[in-house]
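Asks: Just one file: protein32.pdb, with PDB, C-alpha atoms.
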```
ATOM      1  CA  MET B 149    -174.919 111.377 -52.548
ATOM      2  CA  LYS B 150    -172.189 109.290 -50.908
ATOM      3  CA  VAL B 151    -173.094 108.031 -47.453
ATOM      4  CA  ALA B 152    -170.995 106.172 -44.876
ATOM      5  CA  LEU B 153    -172.956 103.120 -43.727
ATOM      6  CA  LEU B 154    -171.618 102.348 -40.261
ATOM      7  CA  VAL B 155    -170.963  98.626 -39.821
ATOM      8  CA  PRO B 156    -169.584  96.524 -36.934
ATOM      9  CA  ALA B 157    -165.936  96.558 -35.970
ATOM     10  CA  GLU B 158    -165.817  92.930 -37.043
ATOM     11  CA  TRP B 159    -168.436  91.782 -39.471
ATOM     12  CA  ASP B 160    -169.275  89.470 -42.338
ATOM     13  CA  PRO B 161    -170.998  91.328 -45.199
ATOM     14  CA  GLN B 162    -172.845  88.118 -46.052
ATOM     15  CA  TYR B 163    -174.583  88.164 -42.649
ATOM     16  CA  TYR B 164    -176.358  91.392 -43.525
ATOM     17  CA  GLU B 165    -178.318  91.824 -46.766
ATOM     18  CA  LEU B 166    -176.032  94.605 -47.920
ATOM     19  CA  ASP B 167    -176.923  94.240 -51.608
ATOM     20  CA  ALA B 168    -180.630  94.731 -50.865
ATOM     21  CA  THR B 169    -179.913  97.854 -48.816
ATOM     22  CA  ARG B 170    -177.579  99.158 -51.518
ATOM     23  CA  ASP B 171    -180.277  98.662 -54.152
ATOM     24  CA  MET B 172    -182.997 100.345 -52.062
ATOM     25  CA  LEU B 173    -180.874 103.405 -51.347
ATOM     26  CA  GLY B 174    -179.384 103.473 -54.818
ATOM     27  CA  ALA B 175    -182.891 103.909 -56.211
ATOM     28  CA  VAL B 176    -183.043 107.327 -54.511
ATOM     29  CA  GLY B 177    -179.531 108.387 -55.455
ATOM     30  CA  ILE B 178    -177.640 107.257 -52.349
ATOM     31  CA  GLU B 179    -174.345 105.415 -52.758
ATOM     32  CA  ILE B 180    -173.414 103.627 -49.538
ATOM     33  CA  GLU B 181    -169.839 103.031 -48.451
ATOM     34  CA  PRO B 182    -169.516 100.515 -45.575
ATOM     35  CA  VAL B 183    -167.269 101.938 -42.834
ATOM     36  CA  GLN B 184    -166.475 100.186 -39.561
ATOM     37  CA  TRP B 185    -167.992 102.499 -37.002
ATOM     38  CA  ASN B 186    -164.909 102.469 -34.758
ATOM     39  CA  GLU B 187    -162.771 103.570 -37.739
ATOM     40  CA  CYS B 188    -165.036 106.390 -38.884
ATOM     41  CA  ASP B 189    -162.503 109.194 -38.441
ATOM     42  CA  ASP B 190    -162.447 112.810 -39.564
ATOM     43  CA  ASP B 191    -161.047 111.849 -42.970
ATOM     44  CA  VAL B 192    -164.105 109.655 -43.580
ATOM     45  CA  LEU B 193    -166.475 112.356 -42.376
ATOM     46  CA  ARG B 194    -164.902 114.913 -44.728
ATOM     47  CA  ALA B 195    -165.263 112.536 -47.690
ATOM     48  CA  VAL B 196    -168.983 111.713 -47.387
ATOM     49  CA  ASP B 197    -172.247 113.578 -47.711
ATOM     50  CA  GLY B 198    -173.899 111.820 -44.792
ATOM     51  CA  VAL B 199    -173.777 109.026 -42.243
ATOM     52  CA  LEU B 200    -176.183 106.126 -41.742
ATOM     53  CA  PRO B 201    -175.563 104.210 -38.474
ATOM     54  CA  LEU B 202    -178.074 101.497 -39.334
ATOM     55  CA  ILE B 203    -175.800  98.515 -38.661
ATOM     56  CA  ALA B 204    -173.326  99.960 -36.151
ATOM     57  CA  TRP B 205    -173.689  96.757 -34.150
ATOM     58  CA  GLY B 206    -171.388  96.469 -31.165
ATOM     59  CA  TYR B 207    -171.262 100.189 -30.350
ATOM     60  CA  HIS B 208    -172.299  99.304 -26.795
ATOM     61  CA  LEU B 209    -169.043  97.381 -26.297
ATOM     62  CA  ASP B 210    -167.049 100.625 -26.568
ATOM     63  CA  PRO B 211    -169.495 103.379 -25.584
ATOM     64  CA  GLY B 212    -166.774 105.973 -25.023
ATOM     65  CA  ARG B 213    -165.631 105.717 -28.631
ATOM     66  CA  TRP B 214    -169.234 105.647 -29.830
ATOM     67  CA  PHE B 215    -170.190 108.866 -28.062
ATOM     68  CA  ASP B 216    -166.951 110.466 -29.271
ATOM     69  CA  LEU B 217    -167.950 109.611 -32.846
ATOM     70  CA  LEU B 218    -171.355 111.195 -32.321
ATOM     71  CA  ASP B 219    -169.658 114.340 -30.980
ATOM     72  CA  ARG B 220    -167.422 114.540 -34.049
ATOM     73  CA  ILE B 221    -170.339 114.026 -36.444
ATOM     74  CA  ASP B 222    -172.196 116.774 -34.630
ATOM     75  CA  PHE B 223    -169.173 119.121 -34.577
ATOM     76  CA  ARG B 224    -168.599 118.709 -38.311
ATOM     77  CA  ARG B 225    -172.320 119.041 -39.001
ATOM     78  CA  VAL B 226    -172.352 115.950 -41.184
ATOM     79  CA  PRO B 227    -175.943 114.985 -42.034
ATOM     80  CA  VAL B 228    -176.899 111.794 -40.220
ATOM     81  CA  ALA B 229    -179.958 109.581 -40.073
ATOM     82  CA  ASN B 230    -181.032 109.415 -37.344
ATOM     83  CA  PRO B 231    -180.028 112.806 -35.872
ATOM     84  CA  VAL B 232    -177.208 112.906 -33.328
ATOM     85  CA  PRO B 233    -179.489 114.018 -30.432
ATOM     86  CA  VAL B 234    -181.668 110.973 -31.114
ATOM     87  CA  LEU B 235    -178.678 108.627 -31.275
ATOM     88  CA  ARG B 236    -177.202 109.970 -28.026
ATOM     89  CA  TRP B 237    -180.529 109.727 -26.224
ATOM     90  CA  ASN B 238    -181.326 106.255 -27.493
ATOM     91  CA  SER B 239    -177.870 104.756 -26.835
ATOM     92  CA  ASP B 240    -178.601 104.610 -23.097
ATOM     93  CA  LYS B 241    -181.705 102.823 -21.836
ATOM     94  CA  SER B 242    -182.352 105.566 -19.306
ATOM     95  CA  TYR B 243    -184.387 107.109 -22.142
ATOM     96  CA  LEU B 244    -187.152 104.810 -20.881
ATOM     97  CA  SER B 245    -187.417 107.062 -17.832
ATOM     98  CA  ASP B 246    -188.022 109.998 -20.170
ATOM     99  CA  LEU B 247    -190.813 108.087 -21.908
ATOM    100  CA  GLU B 248    -192.421 107.287 -18.573
ATOM    101  CA  ASP B 249    -192.199 110.942 -17.494
ATOM    102  CA  LYS B 250    -194.108 111.838 -20.680
ATOM    103  CA  GLY B 251    -196.903 109.415 -19.867
ATOM    104  CA  VAL B 252    -195.823 106.596 -22.187
ATOM    105  CA  ALA B 253    -196.433 103.157 -20.677
ATOM    106  CA  ILE B 254    -193.124 101.307 -20.310
ATOM    107  CA  VAL B 255    -192.274  98.000 -18.694
ATOM    108  CA  PRO B 256    -191.860  99.042 -15.023
ATOM    109  CA  SER B 257    -188.200  99.870 -14.443
ATOM    110  CA  VAL B 258    -185.742 100.704 -11.685
ATOM    111  CA  PHE B 259    -182.397 102.307 -12.544
ATOM    112  CA  GLY B 260    -179.192 102.154 -10.517
ATOM    113  CA  ASP B 261    -175.539 101.182 -10.294
ATOM    114  CA  ALA B 262    -174.096  97.716  -9.865
ATOM    115  CA  ASP B 263    -172.164  98.942  -6.822
ATOM    116  CA  GLU B 264    -175.505  99.110  -4.998
ATOM    117  CA  GLY B 265    -175.418  95.309  -5.088
ATOM    118  CA  ASP B 266    -178.484  93.565  -3.784
ATOM    119  CA  ARG B 267    -179.888  96.881  -2.508
ATOM    120  CA  LEU B 268    -180.755  97.631  -6.132
ATOM    121  CA  LEU B 269    -182.693  94.376  -6.404
ATOM    122  CA  GLU B 270    -184.410  95.102  -3.106
ATOM    123  CA  ARG B 271    -185.610  98.432  -4.472
ATOM    124  CA  ALA B 272    -186.952  96.655  -7.530
ATOM    125  CA  ARG B 273    -188.698  93.966  -5.484
ATOM    126  CA  ASP B 274    -190.268  96.629  -3.289
ATOM    127  CA  LYS B 275    -191.732  98.129  -6.465
ATOM    128  CA  PHE B 276    -192.587  94.977  -8.455
ATOM    129  CA  GLY B 277    -193.008  92.246  -5.845
ATOM    130  CA  ASP B 278    -190.750  89.292  -5.098
ATOM    131  CA  ASP B 279    -191.014  87.666  -8.522
ATOM    132  CA  GLU B 280    -188.513  87.014 -11.284
ATOM    133  CA  LEU B 281    -186.466  90.002 -12.419
ATOM    134  CA  ILE B 282    -184.650  90.988 -15.591
ATOM    135  CA  VAL B 283    -181.371  92.865 -15.113
ATOM    136  CA  LYS B 284    -179.319  94.381 -17.942
ATOM    137  CA  PRO B 285    -176.808  97.190 -18.506
ATOM    138  CA  LEU B 286    -178.137 100.592 -19.505
ATOM    139  CA  VAL B 287    -175.797 100.599 -22.501
ATOM    140  CA  SER B 288    -176.256  97.242 -24.176
ATOM    141  CA  ALA B 289    -177.729  95.555 -27.237
ATOM    142  CA  SER B 290    -178.706  92.131 -28.566
ATOM    143  CA  ALA B 291    -179.391  90.791 -25.045
ATOM    144  CA  GLU B 292    -175.727  91.326 -24.075
ATOM    145  CA  GLY B 293    -175.308  91.225 -20.307
ATOM    146  CA  ILE B 294    -178.953  90.355 -19.629
ATOM    147  CA  TYR B 295    -179.860  88.123 -16.663
ATOM    148  CA  ARG B 296    -183.128  86.516 -15.655
ATOM    149  CA  LEU B 297    -183.079  86.265 -11.872
ATOM    150  CA  PRO B 298    -185.418  84.009  -9.868
ATOM    151  CA  ALA B 299    -187.069  85.324  -6.724
ATOM    152  CA  GLY B 300    -184.509  85.911  -3.976
ATOM    153  CA  ALA B 301    -181.450  85.757  -6.262
ATOM    154  CA  SER B 302    -178.511  88.129  -5.832
ATOM    155  CA  LEU B 303    -177.009  90.479  -8.390
ATOM    156  CA  PRO B 304    -174.697  88.541 -10.752
ATOM    157  CA  PRO B 305    -170.994  89.445 -10.466
ATOM    158  CA  GLY B 306    -170.804  89.771 -14.263
ATOM    159  CA  LEU B 307    -172.479  93.193 -14.008
ATOM    160  CA  VAL B 308    -169.844  94.824 -11.823
ATOM    161  CA  ASP B 309    -169.078  98.523 -12.428
ATOM    162  CA  ARG B 310    -172.042  99.015 -14.756
ATOM    163  CA  ARG B 311    -175.150 101.163 -14.699
ATOM    164  CA  LEU B 312    -178.189  98.899 -14.736
ATOM    165  CA  ILE B 313    -181.892  98.692 -15.406
ATOM    166  CA  VAL B 314    -184.030  96.208 -13.459
ATOM    167  CA  GLN B 315    -187.480  95.145 -14.661
ATOM    168  CA  PRO B 316    -190.003  92.461 -13.766
ATOM    169  CA  PHE B 317    -189.882  89.407 -15.991
ATOM    170  CA  ILE B 318    -192.938  89.548 -18.275
ATOM    171  CA  PRO B 319    -194.261  85.975 -18.674
ATOM    172  CA  SER B 320    -196.160  86.742 -21.898
ATOM    173  CA  ILE B 321    -192.874  86.989 -23.768
ATOM    174  CA  LEU B 322    -192.611  83.194 -23.566
ATOM    175  CA  ASP B 323    -195.751  82.620 -25.648
ATOM    176  CA  ALA B 324    -197.102  85.877 -27.127
ATOM    177  CA  GLY B 325    -193.581  87.167 -27.791
ATOM    178  CA  GLU B 326    -192.410  90.736 -28.359
ATOM    179  CA  MET B 327    -193.989  92.920 -31.035
ATOM    180  CA  SER B 328    -191.871  95.215 -33.209
ATOM    181  CA  LEU B 329    -193.525  98.095 -35.052
ATOM    182  CA  VAL B 330    -191.436  99.768 -37.760
ATOM    183  CA  TYR B 331    -191.731 103.416 -38.826
ATOM    184  CA  PHE B 332    -190.161 105.380 -41.671
ATOM    185  CA  GLY B 333    -190.209 109.172 -41.557
ATOM    186  CA  GLY B 334    -192.527 108.917 -38.556
ATOM    187  CA  ALA B 335    -195.147 106.908 -40.472
ATOM    188  CA  PHE B 336    -196.021 103.321 -39.598
ATOM    189  CA  SER B 337    -194.849 100.801 -42.194
ATOM    190  CA  HIS B 338    -195.136  97.215 -40.916
ATOM    191  CA  ALA B 339    -194.782  94.999 -37.864
ATOM    192  CA  ALA B 340    -193.500  91.625 -36.733
ATOM    193  CA  VAL B 341    -193.669  89.513 -33.596
ATOM    194  CA  LYS B 342    -190.452  87.976 -32.256
ATOM    195  CA  ARG B 343    -190.594  84.759 -30.250
ATOM    196  CA  ALA B 344    -187.978  82.960 -28.197
ATOM    197  CA  LYS B 345    -187.153  79.322 -28.816
ATOM    198  CA  ASN B 346    -188.418  76.769 -26.319
ATOM    199  CA  GLY B 347    -186.479  76.962 -23.063
ATOM    200  CA  ASP B 348    -185.193  80.518 -23.599
ATOM    201  CA  PHE B 349    -186.591  84.007 -23.016
ATOM    202  CA  ARG B 350    -184.403  85.938 -25.467
ATOM    203  CA  VAL B 351    -186.088  86.650 -28.795
ATOM    204  CA  GLN B 352    -182.981  87.602 -30.785
ATOM    205  CA  PRO B 353    -182.106  85.322 -33.745
ATOM    206  CA  GLU B 354    -178.617  84.649 -32.364
ATOM    207  CA  PHE B 355    -180.342  82.846 -29.480
ATOM    208  CA  GLY B 356    -182.640  80.858 -31.718
ATOM    209  CA  GLY B 357    -185.520  83.347 -31.807
ATOM    210  CA  SER B 358    -187.907  83.552 -34.736
ATOM    211  CA  GLU B 359    -190.272  86.156 -36.148
ATOM    212  CA  GLU B 360    -193.316  86.540 -38.352
ATOM    213  CA  GLN B 361    -195.280  89.436 -39.775
ATOM    214  CA  ILE B 362    -198.313  90.678 -37.854
ATOM    215  CA  THR B 363    -200.930  93.416 -37.958
ATOM    216  CA  PRO B 364    -200.877  95.154 -34.552
ATOM    217  CA  ASP B 365    -204.146  96.096 -32.929
ATOM    218  CA  PRO B 366    -205.074  99.791 -32.491
ATOM    219  CA  LYS B 367    -204.088  99.911 -28.805
ATOM    220  CA  VAL B 368    -200.593  98.674 -29.612
ATOM    221  CA  ARG B 369    -200.305 101.090 -32.543
ATOM    222  CA  ALA B 370    -201.360 104.012 -30.355
ATOM    223  CA  LEU B 371    -198.686 103.217 -27.763
ATOM    224  CA  ALA B 372    -195.989 102.898 -30.426
ATOM    225  CA  ASP B 373    -197.060 106.224 -31.944
ATOM    226  CA  ALA B 374    -196.829 107.897 -28.543
ATOM    227  CA  ALA B 375    -193.383 106.459 -27.826
ATOM    228  CA  LEU B 376    -191.956 107.657 -31.127
ATOM    229  CA  ALA B 377    -193.529 111.090 -30.679
ATOM    230  CA  ALA B 378    -191.622 111.406 -27.384
ATOM    231  CA  ALA B 379    -188.203 111.115 -29.060
ATOM    232  CA  PRO B 380    -186.089 114.298 -28.978
ATOM    233  CA  ALA B 381    -186.216 114.812 -32.767
ATOM    234  CA  LYS B 382    -187.793 113.418 -35.916
ATOM    235  CA  THR B 383    -186.519 110.056 -37.107
ATOM    236  CA  ALA B 384    -185.900 108.560 -40.536
ATOM    237  CA  TYR B 385    -186.322 105.031 -39.188
ATOM    238  CA  ALA B 386    -187.532 103.575 -35.916
ATOM    239  CA  ARG B 387    -188.579 100.307 -34.351
ATOM    240  CA  VAL B 388    -190.818 100.201 -31.293
ATOM    241  CA  ASP B 389    -190.729  96.972 -29.261
ATOM    242  CA  ILE B 390    -193.829  96.244 -27.174
ATOM    243  CA  VAL B 391    -194.883  93.433 -24.846
ATOM    244  CA  MET B 392    -198.240  92.677 -23.293
ATOM    245  CA  ASN B 393    -198.217  92.879 -19.492
ATOM    246  CA  ARG B 394    -201.509  91.692 -17.995
ATOM    247  CA  ASP B 395    -203.347  92.570 -21.213
ATOM    248  CA  GLU B 396    -201.814  96.042 -21.363
ATOM    249  CA  PRO B 397    -199.179  96.976 -23.961
ATOM    250  CA  GLN B 398    -195.944  98.384 -22.564
ATOM    251  CA  ILE B 399    -192.781  99.642 -24.230
ATOM    252  CA  MET B 400    -189.847  97.257 -23.935
ATOM    253  CA  GLU B 401    -187.480  99.255 -26.154
ATOM    254  CA  LEU B 402    -187.497 102.142 -28.605
ATOM    255  CA  GLU B 403    -184.821 101.224 -31.175
ATOM    256  CA  LEU B 404    -183.460 104.251 -33.060
ATOM    257  CA  VAL B 405    -179.773 103.396 -33.565
ATOM    258  CA  GLU B 406    -179.206 100.063 -35.319
ATOM    259  CA  PRO B 407    -182.376  97.952 -35.301
ATOM    260  CA  ASP B 408    -183.364  95.132 -37.599
ATOM    261  CA  LEU B 409    -186.138  96.828 -39.570
ATOM    262  CA  PHE B 410    -187.598  93.627 -41.056
ATOM    263  CA  LEU B 411    -187.513  95.257 -44.480
ATOM    264  CA  ARG B 412    -188.620  91.956 -46.009
ATOM    265  CA  TYR B 413    -192.086  92.750 -44.632
ATOM    266  CA  ALA B 414    -192.239  96.334 -45.925
ATOM    267  CA  PRO B 415    -195.374  96.546 -48.091
ATOM    268  CA  ASP B 416    -193.701  98.951 -50.511
ATOM    269  CA  GLY B 417    -190.539  96.894 -50.929
ATOM    270  CA  GLY B 418    -188.495  99.393 -48.928
ATOM    271  CA  SER B 419    -189.158 102.537 -50.945
ATOM    272  CA  GLY B 420    -190.526 104.335 -47.873
ATOM    273  CA  PHE B 421    -187.358 103.465 -45.969
ATOM    274  CA  ALA B 422    -185.116 104.784 -48.737
ATOM    275  CA  SER B 423    -187.158 107.957 -49.198
ATOM    276  CA  ALA B 424    -187.063 108.728 -45.468
ATOM    277  CA  ILE B 425    -183.283 108.306 -45.372
ATOM    278  CA  ARG B 426    -182.860 110.504 -48.433
ATOM    279  CA  GLU B 427    -185.146 113.208 -47.061
ATOM    280  CA  MET B 428    -183.338 113.421 -43.729
ATOM    281  CA  LEU B 429    -179.839 113.419 -45.218
ATOM    282  CA  SER B 430    -180.848 116.097 -47.745
ATOM    283  CA  ALA B 431    -182.532 118.403 -45.242
TER     284      ALA B 431
END
```
Please express what this file holds, its structure, as C-alpha cells.
Replies:
Amino acid sequence: MKVALLVPAEWDPQYYELDATRDMLGAVGIEIEPVQWNECDDDVLRAVDGVLPLIAWGYHLDPGRWFDLLDRIDFRRVPVANPVPVLRWNSDKSYLSDLEDKGVAIVPSVFGDADEGDRLLERARDKFGDDELIVKPLVSASAEGIYRLPAGASLPPGLVDRRLIVQPFIPSILDAGEMSLVYFGGAFSHAAVKRAKNGDFRVQPEFGGSEEQITPDPKVRALADAALAAAPAKTAYARVDIVMNRDEPQIMELELVEPDLFLRYAPDGGSGFASAIREMLSA
C-alpha cells in the first residue's frame, strides 16, 4: 500500500523522525511517500492508495487551499486517516462549541470576529470576569497568532480580519502544564504533560517548552474519552489536550489533523499506531 504522507510546504526531513515513522508503517505493509500538502494534486491522489495528513504542518496559513484539498480527497474517495469529515471539523476551533453542546467540559470560550473589536473582549469579560484573556484565530496551530491579554487590554491589531476564539487565561498551565492523551483506533495509548519554559505560557517546543510522560488520573481519562467520542467519525489517531481549571479538567484542544503523538512514549513501540492507520486506510 502506497500512502502520501502530507508534509509542510517548507520542511526539513531531519526535523521530523521520518525514518521511525517509515519503519513503523512499513511493518504493516505501508510505504509512505512524503508529499508537500500544498502540492498534493489530482495526479498524486490518482497514484496512491491513501493519504496520511499526520505532518501537514502549516495548513492553517493557507486554509482555502487546505479545505480545497480535503474536498478533492473526498471527491476522489481516496482513503484517508483521519477521515475527511473529521479533518474538516477539526481544522477550525469552533469544534469546541460542538463539544460543549454535547456536554464535554471545555475551557470556557467566546467566539467572534475581529471586526467586533473590543466588543468581543467585553463579551468575554462579561462571561469570564475582568482577568487575563487568551485570544487566538479559529484556524491556527502551534500557538500562531495567540495573544495573552492583561485585564483591560484591547484587541491586538495583528488579528484583523480573522475569526477568533477568546478564553480565560488558565494559571495552572504555568506550573502543572497541559496534558496530552494519545489514542490509536479510539483506544488510549499513552500520555505526556507539556510545560512552558520560565517566563512564557506557550508549551510548544519551538517556544522552549518541554514534555515528559505521565499516567493521567481517571477523571482526566474520562474527559478525554468523552471528547474523542464526540468527534464526527472514528479516528485512527488522536491527541486530547487537557488543562486543570480550579481542580477540574477541561479540554483545551482535540488534535485530529497533525499532532505530535509522542510516539517515543508508546508502550508498544508504535505498533498500535501503525495498525490503526492500516485498518482505516484498508476499510
Asks: Give as a list in words the residues that the PyMOL selection byres ((chain B and resi 151-155) around 6) matches when applied to the coordinates above.
Replies: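 So the PyMOL selection byres ((chain B and resi 151-155) around 6), applied here, picks out Lys150, Pro156, Ile180, Glu181, Pro182, Val183, Gln184, Trp185, Val196, Asp197, Gly198, Val199, Leu200, Pro201, Ile203 and Ala204 of chain B.
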Asks: Hey, which bits of stretch 205-258 of chain B sit within 7 Å of stretch 395-401 of chain B, and for each residue what's the closest pair of atoms and how far apart in Å (one decimal), counting all atoms listed in the file, rows by chain and increasing number, as a Markdown table?
Replies:
```
| residue | atom | partner | partner_atom | distance |
| --- | --- | --- | --- | --- |
| B:Ala253 | CA | B:Gln398 | CA | 5.2 |
| B:Ile254 | CA | B:Ile399 | CA | 4.3 |
| B:Val255 | CA | B:Gln398 | CA | 5.3 |
```
Asks: Show me the residues around (-176.7, 109.3, -31.2) - criterion: an atom at most 9 Å away, only C-alpha atoms counted - as a list in words.
Replies: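 So the residues meeting the distance criterion are Pro201, Trp214, Phe215, Leu217, Leu218, Asp219, Asn230, Pro231, Val232, Pro233, Val234, Leu235, Arg236, Trp237, Asn238, Ser239, Leu404 and Val405 of chain B.
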Asks: Need the neighbours of (-180.5, 116.2, -47.9): which residues are at most 12 Å away, counting only C-alpha atoms, as a list in words?
Replies: Met149, Lys150, Val151, Val176, Gly177, Ile178, Asp197, Gly198, Val199, Val226, Pro227, Val228, Ala229, Ala384, Ser423, Ala424, Ile425, Arg426, Glu427, Met428, Leu429, Ser430 and Ala431 of chain B
Asks: Report the closest atom pair, with its distance in Å rounded to one decimal, for each residue of stretch 244-360 of chain B that has an atom no farther than 8 Å from stretch 206-212 of chain B; count only C-alpha atoms, sort by chain and then rising residue number, and write it as a tab-separated table.
Replies:
```
residue	atom	partner	partner_atom	distance
B:Val287	CA	B:His208	CA	5.7
B:Ser288	CA	B:His208	CA	5.2
B:Ala289	CA	B:His208	CA	6.6
```
Asks: Out of B:Ala370, B:Ala324, B:Leu329, B:Ala340, which residue has the shortest atom-to-atom distance to B:Leu402 when counting only C-alpha atoms?
Replies: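 Of B:Ala370, B:Ala324, B:Leu329, B:Ala340, the one nearest B:Leu402 is B:Leu329, counting only C-alpha atoms.
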Asks: Can you pull out the residues contacting B:Ala299? Cut-off 12 Å, using only C-alpha atoms, and skip same-chain residues under 6 positions away; I want them as a list in words.
Replies: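 Those residues are Leu269, Glu270, Ala272, Arg273, Phe276, Gly277, Asp278, Asp279, Glu280, Leu281, Ile282, Pro316 and Phe317 of chain B.
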Asks: How many Å separate atom CA of B:Asp189 from atom CA of B:Arg224?
Replies: 11.3 Å
Asks: Select, from B:Lys342, B:Trp205, B:Val314, B:Arg350, the residue with the minimum atom-to-atom distance to B:Leu268, counting all atoms listed in the file.
Replies: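 With all atoms listed in the file as the atom set, the closest residue is B:Val314.
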Asks: Separation of atom CA of B:Asp373 and atom CA of B:Val391, in Å?
Replies: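 Calculated distance between atom CA of B:Asp373 and atom CA of B:Val391 is 14.8 Å.
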Asks: For a quick check of understanding, using only C-alpha atoms, which of B:Ile321, B:Asp416, B:Asp348, B:Tyr331 has the smallest distance to B:Met392?
Replies: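 For B:Met392, the nearest of the candidates is B:Ile321.
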